[in-house]
>>> print(open('upload-v2.pdb').read())   # PDB, C-alpha atoms
ATOM      1  CA  MET A   1     121.369 112.094 103.952  1.00  0.00           C
ATOM      2  CA  GLU A   2     120.880 113.673 107.370  1.00  0.00           C
ATOM      3  CA  ARG A   3     119.871 111.192 110.039  1.00  0.00           C
ATOM      4  CA  PHE A   4     116.161 110.679 110.549  1.00  0.00           C
ATOM      5  CA  ALA A   5     114.011 108.578 112.873  1.00  0.00           C
ATOM      6  CA  VAL A   6     111.598 105.852 111.815  1.00  0.00           C
ATOM      7  CA  ILE A   7     108.654 104.943 114.024  1.00  0.00           C
ATOM      8  CA  ALA A   8     105.886 102.408 113.437  1.00  0.00           C
ATOM      9  CA  ASP A   9     103.065 100.518 115.140  1.00  0.00           C
ATOM     10  CA  ILE A  10     102.382 102.891 118.018  1.00  0.00           C
ATOM     11  CA  HIS A  11      99.037 101.148 118.603  1.00  0.00           C
ATOM     12  CA  GLY A  12      97.583 103.755 120.924  1.00  0.00           C
ATOM     13  CA  ASN A  13     100.458 103.649 123.423  1.00  0.00           C
ATOM     14  CA  ALA A  14     100.888 107.323 124.273  1.00  0.00           C
ATOM     15  CA  LEU A  15     103.373 106.672 127.088  1.00  0.00           C
ATOM     16  CA  ALA A  16     105.690 104.718 124.795  1.00  0.00           C
ATOM     17  CA  LEU A  17     105.403 107.361 122.074  1.00  0.00           C
ATOM     18  CA  GLU A  18     106.239 110.121 124.533  1.00  0.00           C
ATOM     19  CA  ALA A  19     109.437 108.304 125.553  1.00  0.00           C
ATOM     20  CA  VAL A  20     110.454 107.635 121.943  1.00  0.00           C
ATOM     21  CA  LEU A  21     109.886 111.238 120.870  1.00  0.00           C
ATOM     22  CA  ALA A  22     111.928 112.407 123.860  1.00  0.00           C
ATOM     23  CA  ASP A  23     114.761 110.055 122.895  1.00  0.00           C
ATOM     24  CA  ILE A  24     114.655 111.346 119.319  1.00  0.00           C
ATOM     25  CA  ALA A  25     114.830 114.930 120.599  1.00  0.00           C
ATOM     26  CA  ARG A  26     117.822 114.082 122.814  1.00  0.00           C
ATOM     27  CA  LEU A  27     119.628 112.803 119.724  1.00  0.00           C
ATOM     28  CA  GLY A  28     118.982 116.109 117.971  1.00  0.00           C
ATOM     29  CA  ILE A  29     117.068 114.468 115.126  1.00  0.00           C
ATOM     30  CA  ALA A  30     114.604 116.782 113.393  1.00  0.00           C
ATOM     31  CA  ARG A  31     112.901 114.487 110.872  1.00  0.00           C
ATOM     32  CA  VAL A  32     110.642 111.596 111.877  1.00  0.00           C
ATOM     33  CA  VAL A  33     108.638 109.349 109.576  1.00  0.00           C
ATOM     34  CA  ASN A  34     105.777 107.128 110.709  1.00  0.00           C
ATOM     35  CA  LEU A  35     104.905 103.780 109.119  1.00  0.00           C
ATOM     36  CA  GLY A  36     101.355 103.450 110.413  1.00  0.00           C
ATOM     37  CA  ASP A  37      99.076 101.497 112.757  1.00  0.00           C
ATOM     38  CA  VAL A  38      98.953 104.585 114.899  1.00  0.00           C
ATOM     39  CA  PHE A  39      95.942 104.353 117.197  1.00  0.00           C
ATOM     40  CA  SER A  40      94.472 100.865 117.528  1.00  0.00           C
ATOM     41  CA  GLY A  41      95.063  99.734 121.088  1.00  0.00           C
ATOM     42  CA  PRO A  42      93.102  99.765 124.373  1.00  0.00           C
ATOM     43  CA  LEU A  43      95.507 102.253 125.962  1.00  0.00           C
ATOM     44  CA  ASP A  44      95.412 105.989 125.162  1.00  0.00           C
ATOM     45  CA  PRO A  45      94.815 106.582 121.436  1.00  0.00           C
ATOM     46  CA  ALA A  46      93.621 110.131 122.081  1.00  0.00           C
ATOM     47  CA  GLY A  47      96.901 110.815 123.866  1.00  0.00           C
ATOM     48  CA  VAL A  48      98.762 109.576 120.796  1.00  0.00           C
ATOM     49  CA  TRP A  49      96.788 111.972 118.611  1.00  0.00           C
ATOM     50  CA  ALA A  50      97.506 114.870 120.979  1.00  0.00           C
ATOM     51  CA  GLN A  51     101.238 114.273 120.513  1.00  0.00           C
ATOM     52  CA  LEU A  52     101.203 113.636 116.768  1.00  0.00           C
ATOM     53  CA  GLU A  53      98.773 116.295 115.564  1.00  0.00           C
ATOM     54  CA  PRO A  54     101.130 119.269 116.010  1.00  0.00           C
ATOM     55  CA  LEU A  55     104.118 117.394 114.534  1.00  0.00           C
ATOM     56  CA  ASP A  56     102.625 116.847 111.061  1.00  0.00           C
ATOM     57  CA  LEU A  57     104.854 113.813 110.435  1.00  0.00           C
ATOM     58  CA  LEU A  58     105.021 112.082 107.088  1.00  0.00           C
ATOM     59  CA  THR A  59     102.852 109.039 107.843  1.00  0.00           C
ATOM     60  CA  VAL A  60     101.678 106.106 105.760  1.00  0.00           C
ATOM     61  CA  ARG A  61      98.453 104.304 106.570  1.00  0.00           C
ATOM     62  CA  GLY A  62      98.508 100.888 108.233  1.00  0.00           C
ATOM     63  CA  ASN A  63      95.947  98.113 108.104  1.00  0.00           C
ATOM     64  CA  HIS A  64      94.482  99.004 111.492  1.00  0.00           C
ATOM     65  CA  ASP A  65      94.315 102.674 110.499  1.00  0.00           C
ATOM     66  CA  ARG A  66      92.367 101.605 107.422  1.00  0.00           C
ATOM     67  CA  ALA A  67      90.023  99.468 109.505  1.00  0.00           C
ATOM     68  CA  LEU A  68      89.112 102.414 111.726  1.00  0.00           C
ATOM     69  CA  VAL A  69      87.781 104.444 108.804  1.00  0.00           C
ATOM     70  CA  ASP A  70      86.741 101.837 106.224  1.00  0.00           C
ATOM     71  CA  TYR A  71      84.959  99.147 108.261  1.00  0.00           C
ATOM     72  CA  PRO A  72      81.643  99.348 110.114  1.00  0.00           C
ATOM     73  CA  PRO A  73      82.119  98.578 113.827  1.00  0.00           C
ATOM     74  CA  GLU A  74      80.540  95.115 113.520  1.00  0.00           C
ATOM     75  CA  GLU A  75      83.255  94.115 111.013  1.00  0.00           C
ATOM     76  CA  MET A  76      86.187  95.495 113.002  1.00  0.00           C
ATOM     77  CA  TRP A  77      88.577  93.503 115.143  1.00  0.00           C
ATOM     78  CA  GLU A  78      87.788  93.896 118.845  1.00  0.00           C
ATOM     79  CA  THR A  79      90.680  96.272 119.478  1.00  0.00           C
ATOM     80  CA  ASP A  80      89.766  98.547 116.571  1.00  0.00           C
ATOM     81  CA  ARG A  81      86.159  98.610 117.785  1.00  0.00           C
ATOM     82  CA  GLU A  82      87.329  99.632 121.281  1.00  0.00           C
ATOM     83  CA  THR A  83      89.613 102.312 119.859  1.00  0.00           C
ATOM     84  CA  LEU A  84      87.105 104.018 117.579  1.00  0.00           C
ATOM     85  CA  PRO A  85      85.027 105.857 120.227  1.00  0.00           C
ATOM     86  CA  LEU A  86      88.200 107.059 121.985  1.00  0.00           C
ATOM     87  CA  LEU A  87      89.375 109.105 118.995  1.00  0.00           C
ATOM     88  CA  PRO A  88      88.263 112.610 118.035  1.00  0.00           C
ATOM     89  CA  ALA A  89      86.807 113.159 114.578  1.00  0.00           C
ATOM     90  CA  ALA A  90      89.934 115.088 113.569  1.00  0.00           C
ATOM     91  CA  ALA A  91      92.082 111.983 114.050  1.00  0.00           C
ATOM     92  CA  LEU A  92      89.799 109.921 111.834  1.00  0.00           C
ATOM     93  CA  ASP A  93      89.815 112.630 109.170  1.00  0.00           C
ATOM     94  CA  TRP A  94      93.618 112.610 109.322  1.00  0.00           C
ATOM     95  CA  ILE A  95      93.680 108.846 108.749  1.00  0.00           C
ATOM     96  CA  ARG A  96      91.456 109.231 105.684  1.00  0.00           C
ATOM     97  CA  GLY A  97      94.026 111.532 104.124  1.00  0.00           C
ATOM     98  CA  LEU A  98      97.043 109.270 104.697  1.00  0.00           C
ATOM     99  CA  PRO A  99      98.826 107.719 101.696  1.00  0.00           C
ATOM    100  CA  VAL A 100      99.438 103.982 101.500  1.00  0.00           C
ATOM    101  CA  GLU A 101     103.053 104.554 100.449  1.00  0.00           C
ATOM    102  CA  ALA A 102     105.474 107.467 100.236  1.00  0.00           C
ATOM    103  CA  ARG A 103     108.918 108.385  98.966  1.00  0.00           C
ATOM    104  CA  ILE A 104     111.550 110.805 100.232  1.00  0.00           C
ATOM    105  CA  GLY A 105     114.442 111.022  97.825  1.00  0.00           C
ATOM    106  CA  ASP A 106     116.028 107.572  97.824  1.00  0.00           C
ATOM    107  CA  VAL A 107     113.770 106.213 100.587  1.00  0.00           C
ATOM    108  CA  TYR A 108     110.540 104.218 100.126  1.00  0.00           C
ATOM    109  CA  LEU A 109     107.951 103.891 102.908  1.00  0.00           C
ATOM    110  CA  CYS A 110     104.975 101.574 103.361  1.00  0.00           C
ATOM    111  CA  HIS A 111     103.278  99.863 106.274  1.00  0.00           C
ATOM    112  CA  ALA A 112     103.671  96.208 105.289  1.00  0.00           C
ATOM    113  CA  THR A 113     104.542  95.555 101.630  1.00  0.00           C
ATOM    114  CA  PRO A 114     104.091  97.594  98.446  1.00  0.00           C
ATOM    115  CA  GLY A 115     100.448  97.363  97.502  1.00  0.00           C
ATOM    116  CA  ALA A 116      99.317  95.318 100.531  1.00  0.00           C
ATOM    117  CA  ASP A 117      99.038  96.535 104.133  1.00  0.00           C
ATOM    118  CA  GLU A 118      98.576  93.076 105.720  1.00  0.00           C
ATOM    119  CA  VAL A 119     101.257  91.009 103.952  1.00  0.00           C
ATOM    120  CA  TYR A 120     104.530  90.365 105.767  1.00  0.00           C
ATOM    121  CA  TRP A 121     107.586  91.534 103.824  1.00  0.00           C
ATOM    122  CA  ALA A 122     110.576  90.103 105.685  1.00  0.00           C
ATOM    123  CA  GLU A 123     108.865  87.403 107.758  1.00  0.00           C
ATOM    124  CA  GLU A 124     106.869  84.265 107.135  1.00  0.00           C
ATOM    125  CA  VAL A 125     104.728  82.135 109.428  1.00  0.00           C
ATOM    126  CA  ALA A 126     106.069  78.697 110.328  1.00  0.00           C
ATOM    127  CA  ASP A 127     105.106  76.318 113.141  1.00  0.00           C
ATOM    128  CA  GLY A 128     102.828  78.901 114.763  1.00  0.00           C
ATOM    129  CA  GLY A 129     105.521  81.578 114.923  1.00  0.00           C
ATOM    130  CA  MET A 130     107.502  83.867 112.670  1.00  0.00           C
ATOM    131  CA  ARG A 131     110.884  83.568 111.022  1.00  0.00           C
ATOM    132  CA  MET A 132     112.730  85.539 108.406  1.00  0.00           C
ATOM    133  CA  ALA A 133     111.374  84.916 104.923  1.00  0.00           C
ATOM    134  CA  PRO A 134     113.678  83.588 102.178  1.00  0.00           C
ATOM    135  CA  LEU A 135     115.657  86.362 100.524  1.00  0.00           C
ATOM    136  CA  ALA A 136     114.165  85.569  97.117  1.00  0.00           C
ATOM    137  CA  GLN A 137     110.676  86.140  98.519  1.00  0.00           C
ATOM    138  CA  ILE A 138     111.719  89.429 100.120  1.00  0.00           C
ATOM    139  CA  GLU A 139     113.262  90.573  96.852  1.00  0.00           C
ATOM    140  CA  GLU A 140     110.124  89.651  94.931  1.00  0.00           C
ATOM    141  CA  PHE A 141     108.114  92.167  96.948  1.00  0.00           C
ATOM    142  CA  ALA A 142     110.829  94.778  96.309  1.00  0.00           C
ATOM    143  CA  ALA A 143     110.812  94.281  92.546  1.00  0.00           C
ATOM    144  CA  GLY A 144     108.921  97.482  91.785  1.00  0.00           C
ATOM    145  CA  VAL A 145     110.809  99.687  94.233  1.00  0.00           C
ATOM    146  CA  THR A 146     113.750 101.694  92.849  1.00  0.00           C
ATOM    147  CA  GLU A 147     114.835 103.367  96.094  1.00  0.00           C
ATOM    148  CA  SER A 148     117.920 102.017  97.868  1.00  0.00           C
ATOM    149  CA  LEU A 149     116.299 102.144 101.331  1.00  0.00           C
ATOM    150  CA  MET A 150     112.902 100.567 101.978  1.00  0.00           C
ATOM    151  CA  LEU A 151     111.058 101.044 105.262  1.00  0.00           C
ATOM    152  CA  CYS A 152     108.214  98.868 106.517  1.00  0.00           C
ATOM    153  CA  GLY A 153     106.521  97.965 109.789  1.00  0.00           C
ATOM    154  CA  HIS A 154     103.534  95.703 110.522  1.00  0.00           C
ATOM    155  CA  THR A 155     105.279  92.678 112.073  1.00  0.00           C
ATOM    156  CA  HIS A 156     106.590  94.648 115.087  1.00  0.00           C
ATOM    157  CA  ILE A 157     109.955  92.889 114.704  1.00  0.00           C
ATOM    158  CA  PRO A 158     113.069  95.091 114.351  1.00  0.00           C
ATOM    159  CA  ARG A 159     115.000  93.880 111.335  1.00  0.00           C
ATOM    160  CA  VAL A 160     117.479  94.890 108.626  1.00  0.00           C
ATOM    161  CA  VAL A 161     117.779  92.853 105.424  1.00  0.00           C
ATOM    162  CA  ARG A 162     120.351  93.554 102.727  1.00  0.00           C
ATOM    163  CA  LEU A 163     119.126  92.537  99.295  1.00  0.00           C
ATOM    164  CA  SER A 164     121.466  90.985  96.734  1.00  0.00           C
ATOM    165  CA  ASP A 165     121.622  94.269  94.821  1.00  0.00           C
ATOM    166  CA  GLY A 166     122.679  96.204  97.930  1.00  0.00           C
ATOM    167  CA  ARG A 167     119.338  97.767  98.796  1.00  0.00           C
ATOM    168  CA  LEU A 168     118.273  97.701 102.444  1.00  0.00           C
ATOM    169  CA  LEU A 169     114.918  96.802 103.946  1.00  0.00           C
ATOM    170  CA  VAL A 170     114.431  98.129 107.491  1.00  0.00           C
ATOM    171  CA  ASN A 171     111.675  97.423 109.999  1.00  0.00           C
ATOM    172  CA  PRO A 172     112.019  99.662 113.089  1.00  0.00           C
ATOM    173  CA  GLY A 173     109.899  97.427 115.313  1.00  0.00           C
ATOM    174  CA  SER A 174     106.927  98.649 117.311  1.00  0.00           C
ATOM    175  CA  VAL A 175     106.787 101.754 119.468  1.00  0.00           C
ATOM    176  CA  GLY A 176     103.901 100.571 121.587  1.00  0.00           C
ATOM    177  CA  CYS A 177     102.971  96.910 121.086  1.00  0.00           C
ATOM    178  CA  PRO A 178     105.748  94.305 121.469  1.00  0.00           C
ATOM    179  CA  GLY A 179     103.611  91.299 120.572  1.00  0.00           C
ATOM    180  CA  TYR A 180     100.333  90.069 119.165  1.00  0.00           C
ATOM    181  CA  THR A 181      98.362  87.004 118.172  1.00  0.00           C
ATOM    182  CA  ASP A 182      96.703  86.502 114.795  1.00  0.00           C
ATOM    183  CA  ASP A 183      93.971  83.866 114.764  1.00  0.00           C
ATOM    184  CA  ARG A 184      93.570  83.884 110.986  1.00  0.00           C
ATOM    185  CA  GLU A 185      95.059  80.943 109.128  1.00  0.00           C
ATOM    186  CA  PRO A 186      97.863  80.276 109.484  1.00  0.00           C
ATOM    187  CA  ALA A 187      97.341  81.306 113.112  1.00  0.00           C
ATOM    188  CA  HIS A 188     100.502  82.564 114.773  1.00  0.00           C
ATOM    189  CA  VAL A 189     102.037  84.497 117.640  1.00  0.00           C
ATOM    190  CA  MET A 190     104.588  87.304 117.537  1.00  0.00           C
ATOM    191  CA  GLN A 191     106.465  88.307 120.669  1.00  0.00           C
ATOM    192  CA  THR A 192     109.662  90.299 121.040  1.00  0.00           C
ATOM    193  CA  GLY A 193     110.330  89.376 124.656  1.00  0.00           C
ATOM    194  CA  THR A 194     110.858  92.954 125.839  1.00  0.00           C
ATOM    195  CA  PRO A 195     108.488  95.739 126.887  1.00  0.00           C
ATOM    196  CA  LEU A 196     110.922  98.396 125.604  1.00  0.00           C
ATOM    197  CA  ALA A 197     109.625 100.802 122.954  1.00  0.00           C
ATOM    198  CA  SER A 198     111.355 100.236 119.623  1.00  0.00           C
ATOM    199  CA  TYR A 199     112.270 102.555 116.767  1.00  0.00           C
ATOM    200  CA  ALA A 200     115.160 103.115 114.352  1.00  0.00           C
ATOM    201  CA  VAL A 201     117.533 105.890 113.351  1.00  0.00           C
ATOM    202  CA  VAL A 202     118.797 105.889 109.770  1.00  0.00           C
ATOM    203  CA  GLY A 203     121.373 107.991 107.951  1.00  0.00           C
ATOM    204  CA  GLY A 204     123.804 107.879 105.049  1.00  0.00           C
ATOM    205  CA  GLY A 205     122.786 106.995 101.516  1.00  0.00           C
ATOM    206  CA  ALA A 206     122.871 104.325  98.817  1.00  0.00           C
ATOM    207  CA  GLY A 207     125.628 101.838  99.546  1.00  0.00           C
ATOM    208  CA  SER A 208     126.338 103.426 102.923  1.00  0.00           C
ATOM    209  CA  TRP A 209     123.100 103.402 104.884  1.00  0.00           C
ATOM    210  CA  VAL A 210     123.656 103.240 108.649  1.00  0.00           C
ATOM    211  CA  VAL A 211     120.830 101.802 110.744  1.00  0.00           C
ATOM    212  CA  GLU A 212     120.564 101.976 114.529  1.00  0.00           C
ATOM    213  CA  HIS A 213     117.776 100.136 116.298  1.00  0.00           C
ATOM    214  CA  ARG A 214     116.926 101.793 119.592  1.00  0.00           C
ATOM    215  CA  GLN A 215     115.053 100.276 122.530  1.00  0.00           C
ATOM    216  CA  VAL A 216     113.648 102.855 124.939  1.00  0.00           C
ATOM    217  CA  PRO A 217     112.423 102.314 128.502  1.00  0.00           C
ATOM    218  CA  TYR A 218     109.183 103.949 129.611  1.00  0.00           C
ATOM    219  CA  ASP A 219     106.512 103.364 132.242  1.00  0.00           C
ATOM    220  CA  TRP A 220     105.091 100.188 130.701  1.00  0.00           C
ATOM    221  CA  ARG A 221     103.428  99.267 133.989  1.00  0.00           C
ATOM    222  CA  ALA A 222     101.281 102.381 133.701  1.00  0.00           C
ATOM    223  CA  ALA A 223     100.490 101.451 130.088  1.00  0.00           C
ATOM    224  CA  ALA A 224      99.510  97.958 131.243  1.00  0.00           C
ATOM    225  CA  ASP A 225      97.211  99.514 133.833  1.00  0.00           C
ATOM    226  CA  GLN A 226      95.501 101.441 131.020  1.00  0.00           C
ATOM    227  CA  ALA A 227      94.854  98.146 129.239  1.00  0.00           C
ATOM    228  CA  ARG A 228      93.506  96.522 132.404  1.00  0.00           C
ATOM    229  CA  ALA A 229      91.145  99.457 132.903  1.00  0.00           C
ATOM    230  CA  MET A 230      89.748  98.630 129.456  1.00  0.00           C
ATOM    231  CA  GLY A 231      89.301  94.989 130.451  1.00  0.00           C
ATOM    232  CA  ARG A 232      92.168  93.807 128.246  1.00  0.00           C
ATOM    233  CA  ALA A 233      94.411  91.593 130.350  1.00  0.00           C
ATOM    234  CA  ASP A 234      95.960  90.220 127.151  1.00  0.00           C
ATOM    235  CA  TRP A 235      97.232  93.647 126.144  1.00  0.00           C
ATOM    236  CA  ALA A 236      98.360  94.357 129.705  1.00  0.00           C
ATOM    237  CA  LYS A 237     100.555  91.256 129.724  1.00  0.00           C
ATOM    238  CA  VAL A 238     102.230  91.885 126.383  1.00  0.00           C
ATOM    239  CA  VAL A 239     102.804  95.580 127.040  1.00  0.00           C
ATOM    240  CA  GLU A 240     104.322  94.805 130.436  1.00  0.00           C
ATOM    241  CA  THR A 241     106.502  91.864 129.377  1.00  0.00           C
ATOM    242  CA  GLY A 242     106.795  91.610 125.592  1.00  0.00           C
ATOM    243  CA  LEU A 243     105.421  88.066 125.973  1.00  0.00           C
ATOM    244  CA  LEU A 244     102.055  86.437 125.355  1.00  0.00           C
TER     245      LEU A 244
END
>>> encode(input="upload-v2.pdb", output="structure tokens")
Amino acid sequence: MERFAVIADIHGNALALEAVLADIARLGIARVVNLGDVFSGPLDPAGVWAQLEPLDLLTVRGNHDRALVDYPPEEMWETDRETLPLLPAAALDWIRGLPVEARIGDVYLCHATPGADEVYWAEEVADGGMRMAPLAQIEEFAAGVTESLMLCGHTHIPRVVRLSDGRLLVNPGSVGCPGYTDDREPAHVMQTGTPLASYAVVGGGAGSWVVEHRQVPYDWRAAADQARAMGRADWAKVVETGLL
């Protein structure tokens, strides 16, 4: 299969997305797929929409995408509530039309896990942080998937897991948000330790998939300034450092 790019978890970071799309273009890659959580972030969600709208990428809906169109503002997380008024109606209509999963030939796409957009596939929470989940647990989620390559996002952690039957699970990491906190039980923190924008390039086929994780520099200080202008010092810190 011709090489294609996998992006996920842009989270309103238009500057990071611009750098990633430029890197993809430099590699001569024509096809890009998007694993969701596109806009939610106190940065420049409208700028993300301006870049994505003309591209018409195959995109699956993430949990924060769902929140923007399914929840009333009083039930949204703070960041989703801040994002909503920054988006044009066309972007929200686009979210409403997104599938929760997709398939391209021998490739399966979802945001988090099949059938659940908030459940970690390859990670589990332990001692307030994340670690790789046991292989048996990862394979349990993959039980209904027949494709040899499975793509997911959600945790923002770049990862490749080879299942016992040879299938691959790939998380490209996050384009625009290298860390987050989740206060729901069990409360935990995710941090990648780098402000670089993350995505993946995949090619090959069953038994011979080749995965390249790419980390792209961009003006993360300017992105952090966008967060500060929204009164979000927490986002500014993680965007600028990859740390919380």
>>> atom_distance(input="upload-v2.pdb", atom1="CA of Val161 (chain A)", atom2="CA of Val107 (chain A)")
14.8 Å
>>> residues_around(input="upload-v2.pdb", residues="Gly193 (chain A)", least_positions_apart="6", cutoff="7 Å", atoms="all atoms listed in the file", output="ChimeraX atom specification")
/A:241-243
>>> write_last_selection(input="upload-v2.pdb", atoms="C-alpha atoms", output="PDB file, in the frame of the given file")
ATOM      1  CA  THR A 241     106.502  91.864 129.377  1.00  0.00           C
ATOM      2  CA  GLY A 242     106.795  91.610 125.592  1.00  0.00           C
ATOM      3  CA  LEU A 243     105.421  88.066 125.973  1.00  0.00           C
TER       4      LEU A 243
END
>>> atom_distance(input="upload-v2.pdb", atom1="CA of Arg214 (chain A)", atom2="CA of Val100 (chain A)")
25.3 Å
>>> residues_around(input="upload-v2.pdb", residues="Val33 (chain A)", least_positions_apart="5", cutoff="9 Å", atoms="all atoms listed in the file", output="number ranges by chain")
A: 4-8, 57-60, 109
>>> resolve_selection(input="upload-v2.pdb", expression="the PyMOL selection byres ((chain A and resi 132) around 6)", output="list of chain:residue names")
A:Ala122, A:Glu123, A:Arg131, A:Ala133
>>> closest_residue(input="upload-v2.pdb", among="A:Gln215, A:Gly41, A:Ile104, A:Ala200", to="Arg228 (chain A)", atoms="only C-alpha atoms")
A:Gly41
>>> decode(input="upload-v2.pdb", residues="region 89-103 of chain A", atoms="N, CA and C atoms", output="PDB file, in the first residue's frame")
ATOM      1  N   ALA A  89     -20.243  27.675  12.100  1.00  0.00           N
ATOM      2  CA  ALA A  89     -21.285  26.652  12.049  1.00  0.00           C
ATOM      3  C   ALA A  89     -20.909  25.524  11.100  1.00  0.00           C
ATOM      4  N   ALA A  90     -20.188  25.839  10.034  1.00  0.00           N
ATOM      5  CA  ALA A  90     -19.808  24.801   9.065  1.00  0.00           C
ATOM      6  C   ALA A  90     -18.932  23.738   9.695  1.00  0.00           C
ATOM      7  N   ALA A  91     -18.062  24.136  10.621  1.00  0.00           N
ATOM      8  CA  ALA A  91     -17.193  23.164  11.294  1.00  0.00           C
ATOM      9  C   ALA A  91     -18.009  22.234  12.177  1.00  0.00           C
ATOM     10  N   LEU A  92     -19.003  22.776  12.857  1.00  0.00           N
ATOM     11  CA  LEU A  92     -19.848  21.946  13.710  1.00  0.00           C
ATOM     12  C   LEU A  92     -20.705  21.001  12.876  1.00  0.00           C
ATOM     13  N   ASP A  93     -21.188  21.478  11.740  1.00  0.00           N
ATOM     14  CA  ASP A  93     -21.942  20.595  10.843  1.00  0.00           C
ATOM     15  C   ASP A  93     -21.059  19.459  10.335  1.00  0.00           C
ATOM     16  N   TRP A  94     -19.812  19.771  10.058  1.00  0.00           N
ATOM     17  CA  TRP A  94     -18.854  18.754   9.592  1.00  0.00           C
ATOM     18  C   TRP A  94     -18.657  17.685  10.668  1.00  0.00           C
ATOM     19  N   ILE A  95     -18.508  18.108  11.916  1.00  0.00           N
ATOM     20  CA  ILE A  95     -18.357  17.148  13.009  1.00  0.00           C
ATOM     21  C   ILE A  95     -19.562  16.209  13.066  1.00  0.00           C
ATOM     22  N   ARG A  96     -20.751  16.763  12.924  1.00  0.00           N
ATOM     23  CA  ARG A  96     -21.966  15.939  13.016  1.00  0.00           C
ATOM     24  C   ARG A  96     -21.995  14.834  11.965  1.00  0.00           C
ATOM     25  N   GLY A  97     -21.335  15.036  10.863  1.00  0.00           N
ATOM     26  CA  GLY A  97     -21.323  14.042   9.804  1.00  0.00           C
ATOM     27  C   GLY A  97     -20.182  13.046   9.869  1.00  0.00           C
ATOM     28  N   LEU A  98     -19.308  13.161  10.880  1.00  0.00           N
ATOM     29  CA  LEU A  98     -18.145  12.281  10.964  1.00  0.00           C
ATOM     30  C   LEU A  98     -18.538  10.894  11.459  1.00  0.00           C
ATOM     31  N   PRO A  99     -17.923   9.847  10.905  1.00  0.00           N
ATOM     32  CA  PRO A  99     -18.159   8.490  11.427  1.00  0.00           C
ATOM     33  C   PRO A  99     -17.354   8.256  12.691  1.00  0.00           C
ATOM     34  N   VAL A 100     -17.769   7.263  13.475  1.00  0.00           N
ATOM     35  CA  VAL A 100     -17.015   6.913  14.680  1.00  0.00           C
ATOM     36  C   VAL A 100     -15.903   5.916  14.379  1.00  0.00           C
ATOM     37  N   GLU A 101     -15.963   5.270  13.231  1.00  0.00           N
ATOM     38  CA  GLU A 101     -14.895   4.375  12.790  1.00  0.00           C
ATOM     39  C   GLU A 101     -14.906   4.348  11.268  1.00  0.00           C
ATOM     40  N   ALA A 102     -13.807   3.882  10.679  1.00  0.00           N
ATOM     41  CA  ALA A 102     -13.716   3.820   9.228  1.00  0.00           C
ATOM     42  C   ALA A 102     -12.738   2.717   8.838  1.00  0.00           C
ATOM     43  N   ARG A 103     -12.824   2.321   7.589  1.00  0.00           N
ATOM     44  CA  ARG A 103     -11.930   1.297   7.045  1.00  0.00           C
ATOM     45  C   ARG A 103     -11.479   1.711   5.659  1.00  0.00           C
TER      46      ARG A 103
END
